[in-house]
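Asker: Dropping in run-v9.tsv, with TSV, C-alpha atoms.
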chain	number	residue	atom	x	y	z
S	25	MET	CA	-14.40	9.96	15.07
S	26	ALA	CA	-15.98	6.71	16.26
S	27	ALA	CA	-16.54	5.14	12.86
S	28	GLU	CA	-19.23	2.50	12.44
S	29	ILE	CA	-18.32	-1.16	12.78
S	30	ILE	CA	-19.04	-3.28	9.71
S	31	GLU	CA	-20.42	-6.72	10.56
S	32	LEU	CA	-19.70	-9.59	8.19
S	33	ASN	CA	-22.00	-12.47	7.34
S	34	GLU	CA	-20.59	-16.00	7.17
S	35	GLN	CA	-19.96	-15.89	3.43
S	36	GLU	CA	-18.20	-12.55	3.67
S	37	ARG	CA	-16.11	-13.75	6.59
S	38	GLN	CA	-15.07	-16.79	4.58
S	39	LEU	CA	-14.09	-14.64	1.61
S	40	LEU	CA	-12.04	-12.28	3.74
S	41	ASN	CA	-10.35	-14.98	5.83
S	42	GLN	CA	-9.55	-17.24	2.93
S	43	TYR	CA	-7.95	-14.56	0.79
S	44	GLN	CA	-6.01	-12.50	3.32
S	45	HIS	CA	-2.96	-14.62	2.67
S	46	GLU	CA	-2.96	-15.43	-0.98
S	47	LEU	CA	-4.96	-14.01	-3.83
S	48	PRO	CA	-5.03	-16.43	-6.78
S	49	LEU	CA	-2.23	-15.51	-9.18
S	50	CYS	CA	-4.09	-16.28	-12.39
S	51	PRO	CA	-5.89	-14.29	-15.11
S	52	ASN	CA	-9.29	-14.41	-13.34
S	53	PRO	CA	-8.53	-14.33	-9.62
S	54	TYR	CA	-11.94	-13.01	-8.58
S	55	ALA	CA	-13.68	-15.80	-10.50
S	56	GLU	CA	-11.60	-18.38	-8.65
S	57	MET	CA	-12.40	-16.74	-5.31
S	58	ALA	CA	-16.09	-16.64	-6.22
S	59	ALA	CA	-16.15	-20.35	-7.01
S	60	SER	CA	-14.65	-21.29	-3.65
S	61	CYS	CA	-17.11	-19.11	-1.71
S	62	GLY	CA	-20.29	-19.94	-3.62
S	63	MET	CA	-20.53	-16.46	-5.14
S	64	THR	CA	-20.41	-15.13	-8.68
S	65	GLU	CA	-17.38	-13.26	-10.01
S	66	LYS	CA	-19.50	-10.12	-10.28
S	67	GLU	CA	-20.64	-10.46	-6.65
S	68	VAL	CA	-17.04	-10.81	-5.45
S	69	ILE	CA	-15.91	-7.73	-7.38
S	70	GLU	CA	-18.89	-5.71	-6.13
S	71	LYS	CA	-18.25	-6.85	-2.56
S	72	LEU	CA	-14.57	-5.90	-2.77
S	73	ARG	CA	-15.45	-2.50	-4.23
S	74	TYR	CA	-17.98	-1.94	-1.45
S	75	TRP	CA	-15.45	-2.92	1.23
S	76	ASP	CA	-12.83	-0.74	-0.38
S	77	GLU	CA	-15.20	2.23	-0.34
S	78	LYS	CA	-16.31	1.57	3.27
S	79	GLY	CA	-12.73	1.19	4.47
S	80	VAL	CA	-13.14	-2.48	5.47
S	81	LEU	CA	-10.16	-3.19	3.25
S	82	SER	CA	-7.00	-1.14	3.40
S	83	ARG	CA	-6.46	-2.50	-0.08
S	84	VAL	CA	-6.44	-5.59	-2.26
S	85	GLY	CA	-2.78	-5.79	-2.98
S	86	ALA	CA	0.77	-6.66	-2.07
S	87	VAL	CA	2.33	-6.51	1.39
S	88	ILE	CA	5.99	-5.68	0.95
S	89	ASN	CA	8.87	-6.83	3.10
S	90	HIS	CA	10.63	-3.53	3.64
S	91	GLN	CA	13.71	-5.09	5.14
S	92	ARG	CA	14.30	-6.72	1.77
S	93	LEU	CA	13.94	-3.46	-0.13
S	94	GLY	CA	15.49	-1.04	2.26
S	95	ALA	CA	15.53	-0.47	5.99
S	96	SER	CA	12.80	-0.30	8.61
S	97	THR	CA	12.48	-0.12	12.35
S	98	LEU	CA	10.10	0.31	15.28
S	99	ALA	CA	10.82	3.38	17.40
S	100	ALA	CA	9.32	4.89	20.52
S	101	LEU	CA	9.45	8.19	22.36
S	102	ALA	CA	8.63	8.99	25.99
S	103	VAL	CA	6.60	12.16	25.59
S	104	PRO	CA	5.25	14.34	28.42
S	105	GLU	CA	1.45	14.27	28.16
S	106	ASP	CA	1.15	18.00	27.44
S	107	GLN	CA	3.52	17.72	24.47
S	108	LEU	CA	2.01	14.59	22.99
S	109	GLU	CA	-0.16	16.26	20.38
S	110	ALA	CA	2.67	18.39	19.00
S	111	VAL	CA	5.26	15.61	19.04
S	112	ALA	CA	2.83	13.16	17.41
S	113	ASP	CA	2.25	15.65	14.59
S	114	LEU	CA	5.97	16.21	14.21
S	115	VAL	CA	6.62	12.45	13.92
S	116	SER	CA	3.66	11.79	11.58
S	117	GLY	CA	4.94	14.56	9.33
S	118	TYR	CA	7.85	12.42	8.13
S	119	PRO	CA	6.93	10.47	4.99
S	120	GLU	CA	9.17	7.65	6.29
S	121	VAL	CA	6.75	7.11	9.20
S	122	ASN	CA	4.03	4.65	8.21
S	123	HIS	CA	2.35	3.90	11.50
S	124	ASN	CA	2.17	6.04	14.59
S	125	TYR	CA	0.27	4.95	17.72
S	126	LYS	CA	-0.29	6.35	21.15
S	127	ARG	CA	0.23	3.55	23.68
S	128	GLU	CA	-0.21	3.31	27.42
S	129	HIS	CA	3.31	3.38	28.84
S	130	ARG	CA	6.05	5.84	29.74
S	131	PHE	CA	7.15	5.29	26.15
S	132	ASN	CA	3.80	6.43	24.83
S	133	LEU	CA	4.43	7.18	21.16
S	134	TRP	CA	5.29	4.17	18.96
S	135	PHE	CA	5.99	4.43	15.26
S	136	VAL	CA	7.22	2.32	12.37
S	137	LEU	CA	9.62	3.83	9.84
S	138	ALA	CA	10.75	2.59	6.45
S	139	ALA	CA	13.35	4.14	4.16
S	140	PRO	CA	15.17	3.12	0.99
S	141	ASP	CA	18.40	2.59	2.97
S	142	GLN	CA	19.79	2.47	6.51
S	143	GLN	CA	21.46	5.85	6.20
S	144	GLN	CA	18.22	7.67	5.44
S	145	LEU	CA	16.52	5.80	8.28
S	146	ASP	CA	19.26	6.79	10.74
S	147	GLU	CA	19.08	10.41	9.60
S	148	VAL	CA	15.34	10.56	10.24
S	149	LEU	CA	15.77	9.03	13.72
S	150	GLU	CA	18.55	11.49	14.55
S	151	ASP	CA	16.43	14.34	13.29
S	152	ILE	CA	13.46	13.30	15.44
S	153	GLU	CA	15.73	12.97	18.47
S	154	ALA	CA	17.30	16.38	17.87
S	155	ARG	CA	14.00	18.15	17.28
S	156	THR	CA	12.14	16.60	20.24
S	157	GLN	CA	15.03	16.27	22.73
S	158	LEU	CA	13.24	13.21	24.12
S	159	PRO	CA	14.50	9.69	24.92
S	160	LEU	CA	14.11	7.52	21.82
S	161	LEU	CA	14.09	3.72	21.52
S	162	ASN	CA	15.23	2.24	18.21
S	163	LEU	CA	14.17	-1.41	18.06
S	164	PRO	CA	14.77	-2.91	14.60
S	165	MET	CA	13.44	-6.39	14.02
S	166	LEU	CA	16.07	-9.09	14.56
S	167	LYS	CA	13.92	-12.03	13.65
S	168	ALA	CA	10.28	-12.69	12.79
S	169	HIS	CA	8.43	-15.63	14.25
S	170	HIS	CA	5.17	-14.64	12.73
S	171	LEU	CA	4.87	-12.06	10.00
S	172	ASP	CA	1.98	-9.86	9.13
S	173	LEU	CA	0.01	-12.62	7.47
S	174	GLY	CA	-3.30	-11.56	8.91
S	175	PHE	CA	-5.30	-13.40	11.54
S	176	ALA	CA	-8.63	-15.22	11.54
S	177	LEU	CA	-11.50	-12.75	11.78
L	12	MET	CA	7.16	-27.16	8.86
L	13	SER	CA	4.19	-24.91	8.10
L	14	LEU	CA	4.10	-22.50	5.19
L	15	ASN	CA	4.45	-19.57	7.59
L	16	GLU	CA	7.48	-21.12	9.24
L	17	GLN	CA	9.05	-21.73	5.87
L	18	LYS	CA	8.39	-18.15	4.87
L	19	ASN	CA	9.77	-16.85	8.15
L	20	GLN	CA	12.84	-19.00	7.87
L	21	GLN	CA	13.41	-17.84	4.35
L	22	LEU	CA	12.96	-14.23	5.41
L	23	ASN	CA	15.42	-14.55	8.27
L	24	GLN	CA	18.01	-16.27	6.11
L	25	ASP	CA	17.62	-13.77	3.33
L	26	GLN	CA	17.96	-10.73	5.52
L	27	SER	CA	21.28	-9.74	4.01
L	28	ALA	CA	20.50	-11.05	0.54
L	29	ASP	CA	20.50	-9.01	-2.63
L	30	GLN	CA	18.07	-6.17	-2.18
L	31	SER	CA	18.08	-4.87	-5.70
L	32	LEU	CA	15.04	-4.89	-7.92
L	33	ASP	CA	15.16	-4.35	-11.62
L	34	PRO	CA	13.26	-1.22	-12.72
L	35	THR	CA	10.30	-3.25	-14.00
L	36	ASP	CA	9.96	-5.14	-10.71
L	37	ARG	CA	10.20	-1.88	-8.82
L	38	ARG	CA	7.36	-0.32	-10.81
L	39	LEU	CA	5.36	-3.51	-10.42
L	40	VAL	CA	5.84	-3.48	-6.63
L	41	GLU	CA	4.88	0.19	-6.44
L	42	LEU	CA	1.69	-0.45	-8.40
L	43	THR	CA	0.61	-3.65	-6.64
L	44	GLN	CA	1.19	-2.37	-3.12
L	45	LYS	CA	-1.14	0.54	-3.81
L	46	GLY	CA	-3.81	-1.97	-4.70
L	47	LEU	CA	-4.86	-4.22	-7.54
L	48	PRO	CA	-7.66	-3.06	-9.82
L	49	LEU	CA	-11.04	-4.50	-8.88
L	50	ASP	CA	-11.95	-5.57	-12.38
L	51	LEU	CA	-12.27	-8.86	-14.28
L	52	HIS	CA	-8.56	-9.16	-15.13
L	53	PRO	CA	-6.56	-7.23	-12.54
L	54	TYR	CA	-3.14	-8.55	-13.57
L	55	ARG	CA	-3.88	-7.71	-17.21
L	56	THR	CA	-4.82	-4.16	-16.22
L	57	VAL	CA	-1.54	-3.84	-14.29
L	58	ALA	CA	0.31	-5.32	-17.28
L	59	GLU	CA	-1.22	-2.72	-19.59
L	60	GLN	CA	-0.09	0.08	-17.30
L	61	LEU	CA	3.46	-1.29	-17.39
L	62	GLU	CA	3.37	-2.22	-21.08
L	63	LEU	CA	3.97	-5.87	-20.28
L	64	GLU	CA	2.19	-9.13	-21.05
L	65	GLU	CA	-0.22	-10.43	-18.41
L	66	ALA	CA	1.77	-13.67	-18.13
L	67	GLU	CA	4.96	-11.75	-17.38
L	68	VAL	CA	3.26	-9.80	-14.58
L	69	ILE	CA	2.02	-13.03	-13.00
L	70	ASP	CA	5.43	-14.63	-13.38
L	71	ARG	CA	7.27	-11.63	-11.89
L	72	LEU	CA	4.88	-11.45	-8.92
L	73	GLN	CA	5.40	-15.14	-8.24
L	74	ARG	CA	9.17	-14.66	-8.26
L	75	LEU	CA	8.94	-11.61	-5.98
L	76	MET	CA	6.97	-13.74	-3.51
L	77	ASP	CA	9.44	-16.62	-3.82
L	78	ARG	CA	12.27	-14.18	-3.03
L	79	GLY	CA	10.39	-12.83	-0.04
L	80	VAL	CA	10.27	-9.26	-1.38
L	81	VAL	CA	6.48	-9.50	-1.51
L	82	ARG	CA	5.19	-11.20	1.63
L	83	ARG	CA	1.76	-11.80	0.24
L	84	ILE	CA	-0.79	-10.52	-2.22
L	85	GLY	CA	-4.19	-10.58	-0.65
L	86	LEU	CA	-7.11	-8.80	0.92
L	87	VAL	CA	-5.63	-6.47	3.51
L	88	PRO	CA	-8.41	-5.89	6.05
L	89	ASN	CA	-8.77	-2.85	8.25
L	90	HIS	CA	-9.25	-4.65	11.57
L	91	TYR	CA	-10.40	-1.51	13.29
L	92	LYS	CA	-13.35	-1.15	10.92
L	93	LEU	CA	-14.32	-4.78	11.54
L	94	GLY	CA	-14.65	-4.20	15.26
L	95	TYR	CA	-11.18	-5.18	16.42
L	96	ARG	CA	-10.71	-1.88	18.22
L	97	TYR	CA	-8.43	-3.06	20.98
L	98	ASN	CA	-4.84	-4.07	20.47
L	99	ALA	CA	-2.02	-4.61	22.87
L	100	MET	CA	1.64	-4.86	22.05
L	101	THR	CA	2.84	-7.43	24.58
L	102	VAL	CA	6.54	-7.34	25.40
L	103	TRP	CA	8.55	-9.98	27.26
L	104	ASP	CA	12.02	-10.21	28.73
L	105	VAL	CA	13.11	-13.78	28.08
L	106	PRO	CA	16.59	-15.35	28.19
L	107	ASP	CA	18.43	-14.95	24.87
L	108	GLU	CA	19.18	-18.67	24.71
L	109	LYS	CA	15.47	-19.50	24.80
L	110	ILE	CA	14.08	-16.73	22.64
L	111	THR	CA	13.90	-18.66	19.38
L	112	GLU	CA	12.05	-21.57	20.95
L	113	LEU	CA	9.65	-19.30	22.83
L	114	GLY	CA	9.19	-16.96	19.87
L	115	GLU	CA	8.14	-19.86	17.68
L	116	GLN	CA	5.61	-21.03	20.26
L	117	VAL	CA	4.19	-17.53	20.55
L	118	GLY	CA	4.09	-17.02	16.77
L	119	ALA	CA	2.14	-20.26	16.36
L	120	LEU	CA	-0.77	-19.02	18.50
L	121	PRO	CA	-3.72	-18.21	16.21
L	122	PHE	CA	-4.51	-14.87	17.84
L	123	VAL	CA	-0.99	-13.44	17.56
L	124	SER	CA	-0.78	-11.35	14.39
L	125	HIS	CA	2.91	-10.48	14.61
L	126	SER	CA	5.71	-11.85	16.75
L	127	TYR	CA	9.23	-10.47	16.60
L	128	GLU	CA	12.57	-10.53	18.33
L	129	ARG	CA	13.93	-7.05	18.86
L	130	PRO	CA	17.04	-5.81	20.66
L	131	ARG	CA	16.86	-4.67	24.27
L	132	ALA	CA	17.76	-1.01	24.92
L	133	LEU	CA	19.06	-1.16	28.48
L	134	PRO	CA	18.43	0.32	30.94
L	135	LEU	CA	15.33	1.90	29.38
L	136	TRP	CA	13.92	-1.16	27.67
L	137	PRO	CA	14.59	-4.72	28.87
L	138	TYR	CA	12.16	-6.56	26.57
L	139	ASN	CA	13.30	-8.69	23.64
L	140	LEU	CA	10.18	-10.57	22.49
L	141	PHE	CA	7.16	-8.78	21.02
L	142	ALA	CA	3.71	-10.21	20.23
L	143	MET	CA	0.71	-8.25	18.95
L	144	VAL	CA	-2.72	-9.24	20.23
L	145	HIS	CA	-6.06	-7.94	18.90
L	146	GLY	CA	-9.61	-8.12	20.21
L	147	ARG	CA	-13.10	-6.67	20.09
L	148	SER	CA	-12.97	-5.75	23.75
L	149	GLU	CA	-10.31	-5.15	26.35
L	150	ALA	CA	-11.56	-8.30	28.15
L	151	GLU	CA	-10.92	-10.36	25.02
L	152	VAL	CA	-7.39	-8.99	24.72
L	153	GLU	CA	-6.76	-9.62	28.44
L	154	GLU	CA	-7.88	-13.22	28.05
L	155	LYS	CA	-5.35	-13.69	25.23
L	156	VAL	CA	-2.60	-11.96	27.17
L	157	ALA	CA	-3.31	-14.41	30.01
L	158	GLN	CA	-2.76	-17.32	27.62
L	159	LEU	CA	0.55	-15.82	26.52
L	160	LYS	CA	1.54	-15.32	30.13
L	161	GLN	CA	0.83	-18.94	30.91
L	162	LEU	CA	3.04	-20.02	28.04
L	163	LEU	CA	5.95	-17.72	28.92
L	164	GLU	CA	5.68	-17.45	32.70
L	165	ALA	CA	8.33	-20.03	33.56
L	166	ASP	CA	11.02	-18.25	31.52
L	167	CYS	CA	9.94	-14.65	31.50
L	168	ARG	CA	11.67	-12.22	33.88
L	169	GLN	CA	9.27	-9.34	33.35
L	170	HIS	CA	6.62	-8.37	30.87
L	171	GLN	CA	4.18	-5.62	29.97
L	172	ARG	CA	1.28	-4.99	27.66
L	173	LEU	CA	0.96	-1.65	25.93
L	174	TYR	CA	-2.56	-0.88	24.79
L	175	SER	CA	-3.01	1.25	21.72
L	176	ARG	CA	-4.97	4.33	22.74
L	177	ARG	CA	-4.98	6.26	19.50
L	178	ILE	CA	-4.06	5.69	15.89
L	179	LEU	CA	-2.23	8.86	14.90
L	180	LYS	CA	-1.12	7.75	11.46
L	181	LYS	CA	-1.55	4.60	9.47
L	182	THR	CA	-0.57	4.20	5.86
L	183	GLY	CA	0.30	1.12	3.93
L	184	MET	CA	4.02	0.44	3.88
L	185	ARG	CA	5.02	2.16	0.70
L	186	ILE	CA	8.36	2.12	-1.02
L	187	LYS	CA	7.52	5.34	-2.78
L	188	GLN	CA	7.95	7.64	0.13
L	189	ARG	CA	6.21	10.74	-1.07
L	190	SER	CA	2.70	9.41	-1.63
L	191	ASN	CA	0.91	9.55	1.68
L	192	ASN	CA	-2.55	9.87	0.26
L	193	SER	CA	-4.25	7.26	2.45
L	194	THR	CA	-3.26	8.66	5.80
L	195	ALA	CA	-5.86	7.67	8.39
L	196	LYS	CA	-5.26	10.33	10.93
L	197	ASP	CA	-6.78	10.89	14.28
L	198	SER	CA	-9.00	7.84	14.56
L	199	THR	CA	-9.80	7.53	18.20
L	200	ALA	CA	-8.87	4.08	19.42
L	201	LYS	CA	-9.93	2.97	22.85
Is it possible to give me this structure as structure tokens?

Answerer:
Amino acid sequence: MAAEIIELNEQERQLLNQYQHELPLCPNPYAEMAASCGMTEKEVIEKLRYWDEKGVLSRVGAVINHQRLGASTLAALAVPEDQLEAVADLVSGYPEVNHNYKREHRFNLWFVLAAPDQQQLDEVLEDIEARTQLPLLNLPMLKAHHLDLGFAL
Amino acid sequence: MSLNEQKNQQLNQDQSADQSLDPTDRRLVELTQKGLPLDLHPYRTVAEQLELEEAEVIDRLQRLMDRGVVRRIGLVPNHYKLGYRYNAMTVWDVPDEKITELGEQVGALPFVSHSYERPRALPLWPYNLFAMVHGRSEAEVEEKVAQLKQLLEADCRQHQRLYSRRILKKTGMRIKQRSNNSTAKDSTAK
């Protein structure tokens, strides 16, 4: 599924870059955004709806720090190539798994997990280890030097 | 100190801080992480759903951000859809006594979207510093990896870059665990 690439014009790029980090926290946020980008409030709302529909935006909303609300970690498995499909499906099947990527390395399956508490997180990791019988890396974040605050597009 | 550094410092200091949310904050977080309404008064619409005043919603969101529970409220772009189809997780084995200094330098680079310290898992995994790099082509990512290498070379014992080859699952980080309705499965990433 090689989805189309959406190209942005300068005004759209400005809108997206400027408001990745901080949406105005006021009664009319889209009006404030419109004013700073030379658009009307209606144009901003229509643009955001269009992007939402096209999948350009994952969402307009909050990014939560899961370590403050529960527990999260980055884990990896070294999966033999012929088992990758099945193991990937097994891992993605856990609701605690948010992201799951195939990467080029002996440890070729990388996934992020979040759970309400450490115990539930540990149970899921143990379960994955037991069901796959594969070497698992558990690499919880110790310190962030740069959080997911977006990057200039 | 930049805003990001302040936020990061606050996050790192608050790691063991009180994690509890009152029930109203919890419902507010659940609603706002799914996405704000795209209408004239999004916070008012959220307030109506929670039977609160608009001003209280705004005030609670501000406090959740101040506490570091909410990292940001903003447009969350899908980089893949915008043409950033290549990403490498770069991993570096640097001396523990230098990791903070080096991590801060790496995190300050404009093209690094995330930079973290993580524990080594010896003997399988000797790397302790992670930095994510994105690009529209593999050449663009390589060029950025080269810049990172230049910065870290003197201290780094070994390093690797792990290209993403397929996105198998990607959902927003949700605290409500059982709502996986936006699973983007099986997108082929080069």

Asker: Could you list, as a ChimeraX atom specification, every residue within 7 Å of range 160-167 of chain S, counting all atoms listed in the file and ignoring same-chain residues fewer than 5 positions away?

Answerer: /S:96-101,153 /L:23,127-130,132

Asker: Would you mind exporting C-alpha atoms of the selected residues as a PDB file, in the coordinates of the input?

Answerer:
ATOM      1  CA  SER S  96      12.800  -0.300   8.610  1.00  0.00           C
ATOM      2  CA  THR S  97      12.480  -0.120  12.350  1.00  0.00           C
ATOM      3  CA  LEU S  98      10.100   0.310  15.280  1.00  0.00           C
ATOM      4  CA  ALA S  99      10.820   3.380  17.400  1.00  0.00           C
ATOM      5  CA  ALA S 100       9.320   4.890  20.520  1.00  0.00           C
ATOM      6  CA  LEU S 101       9.450   8.190  22.360  1.00  0.00           C
ATOM      7  CA  GLU S 153      15.730  12.970  18.470  1.00  0.00           C
TER       8      GLU S 153
ATOM      9  CA  ASN L  23      15.420 -14.550   8.270  1.00  0.00           C
ATOM     10  CA  TYR L 127       9.230 -10.470  16.600  1.00  0.00           C
ATOM     11  CA  GLU L 128      12.570 -10.530  18.330  1.00  0.00           C
ATOM     12  CA  ARG L 129      13.930  -7.050  18.860  1.00  0.00           C
ATOM     13  CA  PRO L 130      17.040  -5.810  20.660  1.00  0.00           C
ATOM     14  CA  ALA L 132      17.760  -1.010  24.920  1.00  0.00           C
TER      15      ALA L 132
END

Asker: State, in Å with one decimal place, the distance from CA of Val81 in chain L to CA of Val136 in chain S.

Answerer: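 Rounded to one decimal, the two atoms are 18.2 Å apart.
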
Asker: What residues in chain L have any atom no more than 7 Å from chain S when counting only C-alpha atoms, and can you write them as a ChimeraX atom specification?

Answerer: /L:19,23,26,30,43-47,49-52,54,69,79-89,92-94,114-115,118,121-122,124-130,132,173-184,188-189,191,198-199

Asker: Could you save the residues just selected, with C-alpha atoms, as a PDB file, in the coordinates of the input?

Answerer:
ATOM      1  CA  ASN L  19       9.770 -16.850   8.150  1.00  0.00           C
ATOM      2  CA  ASN L  23      15.420 -14.550   8.270  1.00  0.00           C
ATOM      3  CA  GLN L  26      17.960 -10.730   5.520  1.00  0.00           C
ATOM      4  CA  GLN L  30      18.070  -6.170  -2.180  1.00  0.00           C
ATOM      5  CA  THR L  43       0.610  -3.650  -6.640  1.00  0.00           C
ATOM      6  CA  GLN L  44       1.190  -2.370  -3.120  1.00  0.00           C
ATOM      7  CA  LYS L  45      -1.140   0.540  -3.810  1.00  0.00           C
ATOM      8  CA  GLY L  46      -3.810  -1.970  -4.700  1.00  0.00           C
ATOM      9  CA  LEU L  47      -4.860  -4.220  -7.540  1.00  0.00           C
ATOM     10  CA  LEU L  49     -11.040  -4.500  -8.880  1.00  0.00           C
ATOM     11  CA  ASP L  50     -11.950  -5.570 -12.380  1.00  0.00           C
ATOM     12  CA  LEU L  51     -12.270  -8.860 -14.280  1.00  0.00           C
ATOM     13  CA  HIS L  52      -8.560  -9.160 -15.130  1.00  0.00           C
ATOM     14  CA  TYR L  54      -3.140  -8.550 -13.570  1.00  0.00           C
ATOM     15  CA  ILE L  69       2.020 -13.030 -13.000  1.00  0.00           C
ATOM     16  CA  GLY L  79      10.390 -12.830  -0.040  1.00  0.00           C
ATOM     17  CA  VAL L  80      10.270  -9.260  -1.380  1.00  0.00           C
ATOM     18  CA  VAL L  81       6.480  -9.500  -1.510  1.00  0.00           C
ATOM     19  CA  ARG L  82       5.190 -11.200   1.630  1.00  0.00           C
ATOM     20  CA  ARG L  83       1.760 -11.800   0.240  1.00  0.00           C
ATOM     21  CA  ILE L  84      -0.790 -10.520  -2.220  1.00  0.00           C
ATOM     22  CA  GLY L  85      -4.190 -10.580  -0.650  1.00  0.00           C
ATOM     23  CA  LEU L  86      -7.110  -8.800   0.920  1.00  0.00           C
ATOM     24  CA  VAL L  87      -5.630  -6.470   3.510  1.00  0.00           C
ATOM     25  CA  PRO L  88      -8.410  -5.890   6.050  1.00  0.00           C
ATOM     26  CA  ASN L  89      -8.770  -2.850   8.250  1.00  0.00           C
ATOM     27  CA  LYS L  92     -13.350  -1.150  10.920  1.00  0.00           C
ATOM     28  CA  LEU L  93     -14.320  -4.780  11.540  1.00  0.00           C
ATOM     29  CA  GLY L  94     -14.650  -4.200  15.260  1.00  0.00           C
ATOM     30  CA  GLY L 114       9.190 -16.960  19.870  1.00  0.00           C
ATOM     31  CA  GLU L 115       8.140 -19.860  17.680  1.00  0.00           C
ATOM     32  CA  GLY L 118       4.090 -17.020  16.770  1.00  0.00           C
ATOM     33  CA  PRO L 121      -3.720 -18.210  16.210  1.00  0.00           C
ATOM     34  CA  PHE L 122      -4.510 -14.870  17.840  1.00  0.00           C
ATOM     35  CA  SER L 124      -0.780 -11.350  14.390  1.00  0.00           C
ATOM     36  CA  HIS L 125       2.910 -10.480  14.610  1.00  0.00           C
ATOM     37  CA  SER L 126       5.710 -11.850  16.750  1.00  0.00           C
ATOM     38  CA  TYR L 127       9.230 -10.470  16.600  1.00  0.00           C
ATOM     39  CA  GLU L 128      12.570 -10.530  18.330  1.00  0.00           C
ATOM     40  CA  ARG L 129      13.930  -7.050  18.860  1.00  0.00           C
ATOM     41  CA  PRO L 130      17.040  -5.810  20.660  1.00  0.00           C
ATOM     42  CA  ALA L 132      17.760  -1.010  24.920  1.00  0.00           C
ATOM     43  CA  LEU L 173       0.960  -1.650  25.930  1.00  0.00           C
ATOM     44  CA  TYR L 174      -2.560  -0.880  24.790  1.00  0.00           C
ATOM     45  CA  SER L 175      -3.010   1.250  21.720  1.00  0.00           C
ATOM     46  CA  ARG L 176      -4.970   4.330  22.740  1.00  0.00           C
ATOM     47  CA  ARG L 177      -4.980   6.260  19.500  1.00  0.00           C
ATOM     48  CA  ILE L 178      -4.060   5.690  15.890  1.00  0.00           C
ATOM     49  CA  LEU L 179      -2.230   8.860  14.900  1.00  0.00           C
ATOM     50  CA  LYS L 180      -1.120   7.750  11.460  1.00  0.00           C
ATOM     51  CA  LYS L 181      -1.550   4.600   9.470  1.00  0.00           C
ATOM     52  CA  THR L 182      -0.570   4.200   5.860  1.00  0.00           C
ATOM     53  CA  GLY L 183       0.300   1.120   3.930  1.00  0.00           C
ATOM     54  CA  MET L 184       4.020   0.440   3.880  1.00  0.00           C
ATOM     55  CA  GLN L 188       7.950   7.640   0.130  1.00  0.00           C
ATOM     56  CA  ARG L 189       6.210  10.740  -1.070  1.00  0.00           C
ATOM     57  CA  ASN L 191       0.910   9.550   1.680  1.00  0.00           C
ATOM     58  CA  SER L 198      -9.000   7.840  14.560  1.00  0.00           C
ATOM     59  CA  THR L 199      -9.800   7.530  18.200  1.00  0.00           C
TER      60      THR L 199
END

Asker: Grab the CA of Arg74 in chain L to CA of Pro48 in chain L distance for me, in Å with one decimal place.

Answerer: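 These atoms are spaced 20.5 Å apart.
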
Asker: Between CA of Gln73 in chain L and CA of Thr64 in chain S, what is the distance, to one decimal in Å?

Answerer: 25.8 Å

Asker: Excluding range 150-163 of chain L and residues on its chain fewer than 3 positions from it, collect all residues at most 10 Å away from it, counting all atoms listed in the file, and give them as an MDAnalysis selection string.

Answerer: chainID L and resid 95 97:101 103:105 113:114 116:117 120 122:123 142:147 166:168 170:172 174

Asker: Write the selection just made, keeping C-alpha atoms, as an mmCIF file, in the coordinates of the input?

Answerer:
data_model
loop_
_atom_site.group_PDB
_atom_site.id
_atom_site.type_symbol
_atom_site.label_atom_id
_atom_site.label_comp_id
_atom_site.auth_asym_id
_atom_site.auth_seq_id
_atom_site.Cartn_x
_atom_site.Cartn_y
_atom_site.Cartn_z
ATOM 1 C CA TYR L 95 -11.180 -5.180 16.420
ATOM 2 C CA TYR L 97 -8.430 -3.060 20.980
ATOM 3 C CA ASN L 98 -4.840 -4.070 20.470
ATOM 4 C CA ALA L 99 -2.020 -4.610 22.870
ATOM 5 C CA MET L 100 1.640 -4.860 22.050
ATOM 6 C CA THR L 101 2.840 -7.430 24.580
ATOM 7 C CA TRP L 103 8.550 -9.980 27.260
ATOM 8 C CA ASP L 104 12.020 -10.210 28.730
ATOM 9 C CA VAL L 105 13.110 -13.780 28.080
ATOM 10 C CA LEU L 113 9.650 -19.300 22.830
ATOM 11 C CA GLY L 114 9.190 -16.960 19.870
ATOM 12 C CA GLN L 116 5.610 -21.030 20.260
ATOM 13 C CA VAL L 117 4.190 -17.530 20.550
ATOM 14 C CA LEU L 120 -0.770 -19.020 18.500
ATOM 15 C CA PHE L 122 -4.510 -14.870 17.840
ATOM 16 C CA VAL L 123 -0.990 -13.440 17.560
ATOM 17 C CA ALA L 142 3.710 -10.210 20.230
ATOM 18 C CA MET L 143 0.710 -8.250 18.950
ATOM 19 C CA VAL L 144 -2.720 -9.240 20.230
ATOM 20 C CA HIS L 145 -6.060 -7.940 18.900
ATOM 21 C CA GLY L 146 -9.610 -8.120 20.210
ATOM 22 C CA ARG L 147 -13.100 -6.670 20.090
ATOM 23 C CA ASP L 166 11.020 -18.250 31.520
ATOM 24 C CA CYS L 167 9.940 -14.650 31.500
ATOM 25 C CA ARG L 168 11.670 -12.220 33.880
ATOM 26 C CA HIS L 170 6.620 -8.370 30.870
ATOM 27 C CA GLN L 171 4.180 -5.620 29.970
ATOM 28 C CA ARG L 172 1.280 -4.990 27.660
ATOM 29 C CA TYR L 174 -2.560 -0.880 24.790
#

Asker: I'd like the contact shell of Leu158 in chain S - 9 Å cut-off, all atoms listed in the file, skipping same-chain residues fewer than 6 positions apart - returned as a list in words.

Answerer: Leu101, Ala102, Val103 and Ile152 of chain S

Asker: Produce the centre coordinates and the three edge lengths, each in Å to one decimal, of the box along x, y and z that contains all listed atoms of range 58-67 of chain S with 6 Å added on each side, as AutoDock Vina command-line options.

Answerer:
--center_x -17.6 --center_y -15.7 --center_z -6.0 --size_x 18.0 --size_y 23.2 --size_z 20.6
